[in-house]
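Structure record follows, encoded as structure tokens.
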Amino acid sequence: MTAANHRLPLTPVMAAAIAEIRDLIAEHYPQATFVVEEGDDPAGIYLVAMVDVEDTDEVVDRYGDRLVDLQVEAGLPVYVAALRPVERVVAEFRRRGANAALALLPV
């Protein structure tokens, strides 16, 4: 990601905030993968964390308080989306016998 690709500049302070949140997640979930991208709803820089866990709430618990500090106290437009791999979601649907729901998913 380069600043030229974004309308919102990725300042050193924002880059440090994203790295801090990434490190908080990676400390507990070393297999997590990350993508940083610009988003519009709300406008800001997003850290997308792909974590193979049953419940993403446990991931949010690792960074939630610090993210609020960065957003409110520091005024940084930094956001995080903790997602599960598609394979895990599909496996869970199958375990629950939700084959009918899978048929409704776009391919």
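Ligands are numbered from 1 in the order shown, chains are lettered A, B, ... in the order of the structure tokens, and residues start at 1 in each chain.
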Can you tell me, as a list of chain:residue names, what residues are no more than 8 Å from Pro85 in chain A when counting only C-alpha atoms, ignoring any on the same chain fewer than 5 positions away?
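Returned residues: A:Met50, A:Val51, A:Asp52.
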With N, CA and C atoms retained, could you export that selection as a PDB file, in the first residue's frame?
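Output file result32.pdb follows:
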ATOM      1  N   MET A  50      -7.558 -11.692   9.037  1.00  0.00           N
ATOM      2  CA  MET A  50      -8.163 -12.993   8.776  1.00  0.00           C
ATOM      3  C   MET A  50      -7.620 -13.948   9.824  1.00  0.00           C
ATOM      4  N   VAL A  51      -8.522 -14.417  10.702  1.00  0.00           N
ATOM      5  CA  VAL A  51      -8.110 -15.246  11.831  1.00  0.00           C
ATOM      6  C   VAL A  51      -8.985 -16.497  11.872  1.00  0.00           C
ATOM      7  N   ASP A  52      -8.360 -17.653  11.918  1.00  0.00           N
ATOM      8  CA  ASP A  52      -9.084 -18.917  11.931  1.00  0.00           C
ATOM      9  C   ASP A  52      -9.484 -19.260  13.362  1.00  0.00           C
TER      10      ASP A  52
END
Could you list, as number ranges by chain, every residue within 8 Å of Val36 in chain A, counting only C-alpha atoms and ignoring same-chain residues fewer than 3 positions away?
A: 1, 45-48
Residue with the minimum atom-to-atom distance to Ala49 in chain A, picked from A:Arg96, A:Val13, A:Gln71, A:Ile25 with only C-alpha atoms counted, is A:Ile25
Would you list the contacts of Ala17 in chain A as a list in words, taking every protein, DNA or RNA residue within 9 Å and counting only C-alpha atoms, but skipping same-chain residues closer than 4 positions in sequence?
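The residues satisfying every condition are Pro12, Val13, Ile21, Arg22, Leu67, Leu70, Leu76 and Val78 of chain A.
In this model, the gap between CA of Ile18 in chain A and CA of Pro42 in chain A comes to 16.3 Å.
For the choices A:Glu92, A:Leu24, A:Pro77, A:Val72, the atom-to-atom distance to Glu54 in chain A is smallest for A:Glu92 when using only C-alpha atoms.
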Taking only chain A into account, list the residues labelled alpha helix (DSSP H) by DSSP (computed from the backbone), as JSON, numbers by chain.
{"A": [12, 13, 14, 15, 16, 17, 18, 19, 20, 21, 22, 23, 24, 25, 26, 27, 28, 57, 58, 59, 60, 61, 62, 63, 64, 65, 66, 67, 68, 86, 87, 88, 89, 90, 91, 92, 93, 94, 95, 99, 100, 101, 102, 103, 104]}
According to DSSP computed on the backbone, where in range 42-88 of chain A is there strand (DSSP E or B)? Give the residues as a ChimeraX atom specification.
/A:43-50,78-83
Write the residues you've just listed into a file as a PDB file, in the first residue's frame, and include N, CA, C and O atoms for each of them.
ATOM      1  N   ALA A  43     -15.021   6.641   6.365  1.00  0.00           N
ATOM      2  CA  ALA A  43     -13.757   6.877   5.672  1.00  0.00           C
ATOM      3  C   ALA A  43     -12.601   6.672   6.639  1.00  0.00           C
ATOM      4  O   ALA A  43     -12.614   7.180   7.760  1.00  0.00           O
ATOM      5  N   GLY A  44     -11.623   5.898   6.206  1.00  0.00           N
ATOM      6  CA  GLY A  44     -10.466   5.653   7.054  1.00  0.00           C
ATOM      7  C   GLY A  44      -9.598   4.561   6.487  1.00  0.00           C
ATOM      8  O   GLY A  44      -9.801   4.079   5.380  1.00  0.00           O
ATOM      9  N   ILE A  45      -8.626   4.181   7.277  1.00  0.00           N
ATOM     10  CA  ILE A  45      -7.734   3.093   6.932  1.00  0.00           C
ATOM     11  C   ILE A  45      -8.168   1.876   7.743  1.00  0.00           C
ATOM     12  O   ILE A  45      -8.348   1.952   8.959  1.00  0.00           O
ATOM     13  N   TYR A  46      -8.333   0.756   7.050  1.00  0.00           N
ATOM     14  CA  TYR A  46      -8.832  -0.467   7.660  1.00  0.00           C
ATOM     15  C   TYR A  46      -7.745  -1.534   7.706  1.00  0.00           C
ATOM     16  O   TYR A  46      -7.077  -1.783   6.709  1.00  0.00           O
ATOM     17  N   LEU A  47      -7.628  -2.161   8.856  1.00  0.00           N
ATOM     18  CA  LEU A  47      -6.806  -3.349   9.009  1.00  0.00           C
ATOM     19  C   LEU A  47      -7.778  -4.527   8.978  1.00  0.00           C
ATOM     20  O   LEU A  47      -8.659  -4.634   9.828  1.00  0.00           O
ATOM     21  N   VAL A  48      -7.644  -5.364   7.966  1.00  0.00           N
ATOM     22  CA  VAL A  48      -8.486  -6.552   7.857  1.00  0.00           C
ATOM     23  C   VAL A  48      -7.651  -7.728   8.338  1.00  0.00           C
ATOM     24  O   VAL A  48      -6.599  -8.020   7.770  1.00  0.00           O
ATOM     25  N   ALA A  49      -8.114  -8.353   9.415  1.00  0.00           N
ATOM     26  CA  ALA A  49      -7.401  -9.486  10.015  1.00  0.00           C
ATOM     27  C   ALA A  49      -8.181 -10.761   9.736  1.00  0.00           C
ATOM     28  O   ALA A  49      -9.348 -10.873  10.114  1.00  0.00           O
ATOM     29  N   MET A  50      -7.558 -11.692   9.037  1.00  0.00           N
ATOM     30  CA  MET A  50      -8.163 -12.993   8.776  1.00  0.00           C
ATOM     31  C   MET A  50      -7.620 -13.948   9.824  1.00  0.00           C
ATOM     32  O   MET A  50      -6.409 -14.227   9.862  1.00  0.00           O
ATOM     33  N   VAL A  78      -8.854   4.975  12.016  1.00  0.00           N
ATOM     34  CA  VAL A  78      -8.312   3.627  11.863  1.00  0.00           C
ATOM     35  C   VAL A  78      -9.387   2.648  12.342  1.00  0.00           C
ATOM     36  O   VAL A  78      -9.970   2.830  13.408  1.00  0.00           O
ATOM     37  N   TYR A  79      -9.632   1.615  11.537  1.00  0.00           N
ATOM     38  CA  TYR A  79     -10.674   0.643  11.837  1.00  0.00           C
ATOM     39  C   TYR A  79     -10.125  -0.760  11.616  1.00  0.00           C
ATOM     40  O   TYR A  79      -9.166  -0.946  10.886  1.00  0.00           O
ATOM     41  N   VAL A  80     -10.782  -1.738  12.253  1.00  0.00           N
ATOM     42  CA  VAL A  80     -10.337  -3.120  12.137  1.00  0.00           C
ATOM     43  C   VAL A  80     -11.545  -3.997  11.831  1.00  0.00           C
ATOM     44  O   VAL A  80     -12.615  -3.823  12.413  1.00  0.00           O
ATOM     45  N   ALA A  81     -11.348  -4.934  10.910  1.00  0.00           N
ATOM     46  CA  ALA A  81     -12.349  -5.958  10.627  1.00  0.00           C
ATOM     47  C   ALA A  81     -11.690  -7.309  10.874  1.00  0.00           C
ATOM     48  O   ALA A  81     -10.704  -7.645  10.223  1.00  0.00           O
ATOM     49  N   ALA A  82     -12.208  -8.044  11.846  1.00  0.00           N
ATOM     50  CA  ALA A  82     -11.714  -9.393  12.129  1.00  0.00           C
ATOM     51  C   ALA A  82     -12.651 -10.374  11.431  1.00  0.00           C
ATOM     52  O   ALA A  82     -13.849 -10.415  11.721  1.00  0.00           O
ATOM     53  N   LEU A  83     -12.096 -11.128  10.491  1.00  0.00           N
ATOM     54  CA  LEU A  83     -12.886 -12.056   9.690  1.00  0.00           C
ATOM     55  C   LEU A  83     -12.362 -13.473   9.834  1.00  0.00           C
ATOM     56  O   LEU A  83     -11.189 -13.684  10.119  1.00  0.00           O
TER      57      LEU A  83
END
I'd like the neighbourhood of Arg62 in chain A as a PyMOL selection string, where a residue qualifies if any of its atoms comes within 9 Å (using only C-alpha atoms), though same-chain residues fewer than 2 positions away should be ignored.
chain A and resi 21+24-25+28+57-60+64-66
